[in-house]
Amino acid sequence: MAKTQLGARVDQDVANLAKKRAADLGLSIGDYLARLVQEDASGLRARAVDAAAGFLAEHQAVFDEAEQAQQASRGAHAA
């Protein structure tokens, strides 16, 4: 498929994040942005966020309990 060049202006912080994330994934900036757009347009990103939110809501008590136990063990070492 032929590629089309797009131009966009973003804050330097956003540009740096995009470059780092693309490099982490072994992608060019263009391929990384294309992936993001395709995921967004397909609803994949929204479904993943919804699934993560549901998981956290369902298991929040377990996370809270683990965090409290960790804080308690830190307090015991400090004494």
# chains A, B, ... in the order shown; residues from 1 in each chain; ligands from 1

$ select_by_dssp --residues "chain A" --states "alpha helix (DSSP H)" --output "PyMOL selection string"
chain A and resi 12-25+29-42+44-78

$ atom_distance --atom1 "atom CA of Leu36 of chain A" --atom2 "atom CA of Ala8 of chain A"
14.8 Å

$ residues_around --residues "segment 9-21 of chain A" --least-positions-apart "6" --cutoff "10 Å" --atoms "only C-alpha atoms" --output "list in words"
Leu27, Ser28, Ile29, Gly30, Tyr32 and Leu33 of chain A

$ atom_distance --atom1 "atom CA of Thr4 of chain A" --atom2 "atom CA of Ala46 of chain A"
26.2 Å
